[in-house]
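One structure is given here, and the rest of the page talks about it.
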Amino acid sequence: ERIRTLWTDTGIQETLRKRHYYQIHDNVAYFLERVDELVKSTYVPSFEDYLRIRTRSTGFSQTKLIANIDRFGQHIFEFTDVGGQRSERKKWMRFIYEDINAVLYVIAISDYDLKLFEDNKTNRLVEAINLFKTIMIKGKFFGGKSVLLFFNKYDLFKKKIKEVPITVAFDDFPSNEMNPNDEDDVVRFVAGKFLQVFEDQNVTLAGPLHILRTTALDTDNIDKVFKDITLDLVKQNLRNYGIM
């Protein structure tokens with residue numbers, strides 16, 4: 001009852017609306033709106049609930065998936081997920097010399113107006129681009145690999161960009177040529193920032209840089225993306241061995 005009363009308070013609602021000032025996760029409203037269901041002794045988390053759970057990743061975890069790839073039969077894919085916090089990044093270097101075929105770099109594009117949890121000063125999207133550049137410089141990590149750039153939380157980004165312009169993060173956005181509140185213009189601009197990294201470092205990839213707009217909560221979207229990228233990786237691997 002107290003949580004429900006708290007949630008209906010206008011001050012709390014306004015605080016959540018300005019969550020970018022307070023490091024409040026974007027899943028808070030979802031769970032608070034379902035508080036009556038959550039407190040029941042019979043409550044069992046739904047698939048939707050699991051999708052919205054947020055945990056800070058530490059260390060690294062590895063997962064193997066078996067998938068049937070178009071006409072190429074069954075293949076095994078091994079994914080290594082690494083913690084994204086600053087304190088975790090030194091562990092990434094251990095993977096530089098391992099046999100990795102592709103790098104999946106995931107950013108929350110909707111976080112362009114938020115600051116880092118670690119220092120509450122650095123813009124999150126600017127940090128993601130700078131980190132991308134740092135990884136590139138150290139050991140030419142991306143060279144000869146397939147690189148997939150995920151602009152995740154795209155659903156939240158589409159809503160936010162209409163009200164909050166990208167200029168809050170980038171003062172070099174060409175507002176005289178592009179609309180800072182237009183999702184397509186902003187995506188092209190941000191994508192250009194990442195592409196510039198490759199041009200500056202003169203790195204050759206196994207194929208073109210893949211830039212994908214994703215919404216993790218949209219399982220159909222993620223399923224299609226998974227099928228598309230695994231098919232592309234299999235084809236690229238076959239080309240590398242001269243089979244295609």
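In the structure tokens, chains take the letters A, B, ... in the order shown, each chain's residues start at 1, and ligands count up from 1 in the order shown.
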
(message) I'd like the contact shell of A:Val197 - 7 Å cut-off, only C-alpha atoms, skipping same-chain residues fewer than 4 positions apart - returned as a list in words.
(response)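 The contact residues come out as Lys133, Lys193 and Gln201 of chain A.
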
What lies within 12 Å of stretch 177-188 of chain A using only C-alpha atoms, ignoring chain neighbours under 6 positions off, as a PDB file with N, CA, C and O atoms, in the first residue's frame?
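Printed below is out.pdb as written:
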ATOM      1  N   ILE A 109      21.461   3.694 -27.336  1.00  0.00           N
ATOM      2  CA  ILE A 109      21.431   4.988 -28.013  1.00  0.00           C
ATOM      3  C   ILE A 109      20.481   5.960 -27.325  1.00  0.00           C
ATOM      4  O   ILE A 109      20.612   7.179 -27.449  1.00  0.00           O
ATOM      5  N   SER A 110      19.547   5.442 -26.546  1.00  0.00           N
ATOM      6  CA  SER A 110      18.611   6.300 -25.814  1.00  0.00           C
ATOM      7  C   SER A 110      19.274   7.007 -24.641  1.00  0.00           C
ATOM      8  O   SER A 110      18.699   7.929 -24.051  1.00  0.00           O
ATOM      9  N   TYR A 112      21.734   9.012 -24.698  1.00  0.00           N
ATOM     10  CA  TYR A 112      22.554  10.127 -25.175  1.00  0.00           C
ATOM     11  C   TYR A 112      22.478  11.367 -24.277  1.00  0.00           C
ATOM     12  O   TYR A 112      23.335  12.252 -24.361  1.00  0.00           O
ATOM     13  N   LEU A 149      27.488  -3.175 -34.907  1.00  0.00           N
ATOM     14  CA  LEU A 149      27.209  -2.097 -33.965  1.00  0.00           C
ATOM     15  C   LEU A 149      25.706  -2.038 -33.710  1.00  0.00           C
ATOM     16  O   LEU A 149      24.918  -1.810 -34.624  1.00  0.00           O
ATOM     17  N   PHE A 150      25.319  -2.283 -32.461  1.00  0.00           N
ATOM     18  CA  PHE A 150      23.903  -2.313 -32.089  1.00  0.00           C
ATOM     19  C   PHE A 150      23.512  -0.996 -31.430  1.00  0.00           C
ATOM     20  O   PHE A 150      24.032  -0.644 -30.375  1.00  0.00           O
ATOM     21  N   PHE A 151      22.589  -0.278 -32.049  1.00  0.00           N
ATOM     22  CA  PHE A 151      21.978   0.887 -31.415  1.00  0.00           C
ATOM     23  C   PHE A 151      20.749   0.373 -30.676  1.00  0.00           C
ATOM     24  O   PHE A 151      19.640   0.340 -31.216  1.00  0.00           O
ATOM     25  N   ASN A 152      20.948  -0.020 -29.429  1.00  0.00           N
ATOM     26  CA  ASN A 152      19.883  -0.664 -28.663  1.00  0.00           C
ATOM     27  C   ASN A 152      18.997   0.371 -27.943  1.00  0.00           C
ATOM     28  O   ASN A 152      19.326   1.544 -27.887  1.00  0.00           O
ATOM     29  N   TYR A 154      16.192   1.306 -29.006  1.00  0.00           N
ATOM     30  CA  TYR A 154      15.795   2.228 -30.061  1.00  0.00           C
ATOM     31  C   TYR A 154      14.370   2.738 -29.864  1.00  0.00           C
ATOM     32  O   TYR A 154      14.045   3.861 -30.271  1.00  0.00           O
ATOM     33  N   ASP A 155      13.529   1.942 -29.238  1.00  0.00           N
ATOM     34  CA  ASP A 155      12.157   2.377 -28.973  1.00  0.00           C
ATOM     35  C   ASP A 155      12.135   3.590 -28.047  1.00  0.00           C
ATOM     36  O   ASP A 155      11.372   4.540 -28.260  1.00  0.00           O
ATOM     37  N   LEU A 156      12.981   3.564 -27.016  1.00  0.00           N
ATOM     38  CA  LEU A 156      13.063   4.698 -26.090  1.00  0.00           C
ATOM     39  C   LEU A 156      13.692   5.911 -26.771  1.00  0.00           C
ATOM     40  O   LEU A 156      13.282   7.053 -26.540  1.00  0.00           O
ATOM     41  N   PHE A 157      14.674   5.641 -27.612  1.00  0.00           N
ATOM     42  CA  PHE A 157      15.343   6.717 -28.346  1.00  0.00           C
ATOM     43  C   PHE A 157      14.361   7.459 -29.246  1.00  0.00           C
ATOM     44  O   PHE A 157      14.362   8.698 -29.308  1.00  0.00           O
ATOM     45  N   LYS A 158      13.501   6.722 -29.963  1.00  0.00           N
ATOM     46  CA  LYS A 158      12.544   7.336 -30.886  1.00  0.00           C
ATOM     47  C   LYS A 158      11.625   8.317 -30.168  1.00  0.00           C
ATOM     48  O   LYS A 158      11.284   9.378 -30.712  1.00  0.00           O
ATOM     49  N   LYS A 159      11.232   7.970 -28.965  1.00  0.00           N
ATOM     50  CA  LYS A 159      10.345   8.848 -28.199  1.00  0.00           C
ATOM     51  C   LYS A 159      11.114  10.049 -27.656  1.00  0.00           C
ATOM     52  O   LYS A 159      10.642  11.190 -27.719  1.00  0.00           O
ATOM     53  N   LYS A 160      12.299   9.788 -27.127  1.00  0.00           N
ATOM     54  CA  LYS A 160      13.061  10.847 -26.462  1.00  0.00           C
ATOM     55  C   LYS A 160      13.583  11.898 -27.430  1.00  0.00           C
ATOM     56  O   LYS A 160      13.553  13.097 -27.130  1.00  0.00           O
ATOM     57  N   ILE A 161      14.052  11.467 -28.614  1.00  0.00           N
ATOM     58  CA  ILE A 161      14.698  12.396 -29.532  1.00  0.00           C
ATOM     59  C   ILE A 161      13.735  13.471 -30.022  1.00  0.00           C
ATOM     60  O   ILE A 161      14.161  14.561 -30.435  1.00  0.00           O
ATOM     61  N   LYS A 162      12.441  13.210 -29.965  1.00  0.00           N
ATOM     62  CA  LYS A 162      11.455  14.201 -30.383  1.00  0.00           C
ATOM     63  C   LYS A 162      11.413  15.394 -29.429  1.00  0.00           C
ATOM     64  O   LYS A 162      11.030  16.500 -29.812  1.00  0.00           O
ATOM     65  N   GLU A 163      11.822  15.165 -28.177  1.00  0.00           N
ATOM     66  CA  GLU A 163      11.777  16.213 -27.161  1.00  0.00           C
ATOM     67  C   GLU A 163      13.156  16.701 -26.744  1.00  0.00           C
ATOM     68  O   GLU A 163      13.327  17.876 -26.406  1.00  0.00           O
ATOM     69  N   VAL A 164      14.138  15.787 -26.742  1.00  0.00           N
ATOM     70  CA  VAL A 164      15.488  16.138 -26.293  1.00  0.00           C
ATOM     71  C   VAL A 164      16.443  16.028 -27.479  1.00  0.00           C
ATOM     72  O   VAL A 164      16.721  14.926 -27.949  1.00  0.00           O
ATOM     73  N   PRO A 165      16.962  17.129 -27.991  1.00  0.00           N
ATOM     74  CA  PRO A 165      17.824  17.082 -29.179  1.00  0.00           C
ATOM     75  C   PRO A 165      19.183  16.447 -28.883  1.00  0.00           C
ATOM     76  O   PRO A 165      19.664  16.462 -27.750  1.00  0.00           O
ATOM     77  N   ILE A 166      19.799  15.893 -29.914  1.00  0.00           N
ATOM     78  CA  ILE A 166      21.098  15.245 -29.772  1.00  0.00           C
ATOM     79  C   ILE A 166      22.188  16.243 -29.407  1.00  0.00           C
ATOM     80  O   ILE A 166      23.271  15.864 -28.928  1.00  0.00           O
ATOM     81  N   THR A 167      21.913  17.530 -29.589  1.00  0.00           N
ATOM     82  CA  THR A 167      22.903  18.566 -29.283  1.00  0.00           C
ATOM     83  C   THR A 167      23.243  18.633 -27.792  1.00  0.00           C
ATOM     84  O   THR A 167      24.228  19.269 -27.424  1.00  0.00           O
ATOM     85  N   VAL A 168      22.451  17.983 -26.941  1.00  0.00           N
ATOM     86  CA  VAL A 168      22.806  17.941 -25.512  1.00  0.00           C
ATOM     87  C   VAL A 168      24.064  17.114 -25.300  1.00  0.00           C
ATOM     88  O   VAL A 168      24.746  17.247 -24.282  1.00  0.00           O
ATOM     89  N   ALA A 169      24.379  16.258 -26.283  1.00  0.00           N
ATOM     90  CA  ALA A 169      25.566  15.411 -26.184  1.00  0.00           C
ATOM     91  C   ALA A 169      26.676  15.849 -27.128  1.00  0.00           C
ATOM     92  O   ALA A 169      27.862  15.701 -26.817  1.00  0.00           O
ATOM     93  N   PHE A 170      26.306  16.377 -28.298  1.00  0.00           N
ATOM     94  CA  PHE A 170      27.298  16.729 -29.314  1.00  0.00           C
ATOM     95  C   PHE A 170      27.070  18.158 -29.801  1.00  0.00           C
ATOM     96  O   PHE A 170      26.098  18.423 -30.513  1.00  0.00           O
ATOM     97  N   ASP A 171      27.973  19.046 -29.430  1.00  0.00           N
ATOM     98  CA  ASP A 171      27.829  20.422 -29.893  1.00  0.00           C
ATOM     99  C   ASP A 171      28.314  20.602 -31.326  1.00  0.00           C
ATOM    100  O   ASP A 171      28.173  21.684 -31.906  1.00  0.00           O
ATOM    101  N   PHE A 194      31.257   6.581 -35.399  1.00  0.00           N
ATOM    102  CA  PHE A 194      31.900   5.269 -35.299  1.00  0.00           C
ATOM    103  C   PHE A 194      32.675   4.948 -36.579  1.00  0.00           C
ATOM    104  O   PHE A 194      33.779   4.408 -36.525  1.00  0.00           O
ATOM    105  N   LEU A 195      32.085   5.275 -37.720  1.00  0.00           N
ATOM    106  CA  LEU A 195      32.769   5.011 -38.992  1.00  0.00           C
ATOM    107  C   LEU A 195      34.069   5.805 -39.084  1.00  0.00           C
ATOM    108  O   LEU A 195      35.067   5.325 -39.643  1.00  0.00           O
ATOM    109  N   GLN A 196      34.083   7.005 -38.518  1.00  0.00           N
ATOM    110  CA  GLN A 196      35.276   7.838 -38.556  1.00  0.00           C
ATOM    111  C   GLN A 196      36.431   7.179 -37.815  1.00  0.00           C
ATOM    112  O   GLN A 196      37.596   7.355 -38.182  1.00  0.00           O
ATOM    113  N   ILE A 211      25.425  -1.787 -38.916  1.00  0.00           N
ATOM    114  CA  ILE A 211      24.812  -0.909 -37.922  1.00  0.00           C
ATOM    115  C   ILE A 211      23.343  -1.275 -37.823  1.00  0.00           C
ATOM    116  O   ILE A 211      22.594  -1.183 -38.804  1.00  0.00           O
ATOM    117  N   LEU A 212      22.930  -1.709 -36.638  1.00  0.00           N
ATOM    118  CA  LEU A 212      21.588  -2.254 -36.445  1.00  0.00           C
ATOM    119  C   LEU A 212      20.825  -1.470 -35.379  1.00  0.00           C
ATOM    120  O   LEU A 212      21.363  -1.161 -34.320  1.00  0.00           O
ATOM    121  N   ARG A 213      19.572  -1.160 -35.687  1.00  0.00           N
ATOM    122  CA  ARG A 213      18.696  -0.509 -34.712  1.00  0.00           C
ATOM    123  C   ARG A 213      17.895  -1.606 -34.016  1.00  0.00           C
ATOM    124  O   ARG A 213      17.106  -2.296 -34.665  1.00  0.00           O
TER     125      ARG A 213
END

(request) May I ask which of the residues A:Gln23, A:Arg239, A:Gly143, A:Asp36 is the closest one to A:Asp119, counting only C-alpha atoms? (result) A:Gln23

(message) To one decimal place in Å, what is the distance between atom CA of A:Glu14 and atom CA of A:Phe31?
(response)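 Computing the Euclidean distance for atom CA of A:Glu14 and atom CA of A:Phe31 yields 16.8 Å.
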
(message) Could you pull out the strand (DSSP E or B) residues of stretch 1-243 of chain A, going by DSSP on the backbone, and write them as a PyMOL selection string?
(response) chain A and resi 60-68+74-82+102-108+115+123+146-152+210-213

(request) Calculate how many Å separate atom CA of A:Thr5 from atom CA of A:Arg19, rounding to one decimal. (result)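 Calculated distance between atom CA of A:Thr5 and atom CA of A:Arg19 is 19.3 Å.
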
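Proximity ranking of A:Val28, A:Pro45, A:Thr10, A:Ile107 relative to A:Arg124 places A:Ile107 first, based on only C-alpha atoms.
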
(request) May I ask for the distance between atom CA of A:Ala128 and atom CA of A:Phe198, given in Å to one decimal place? (result)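 Distance reported for this atom pair: 14.7 Å.
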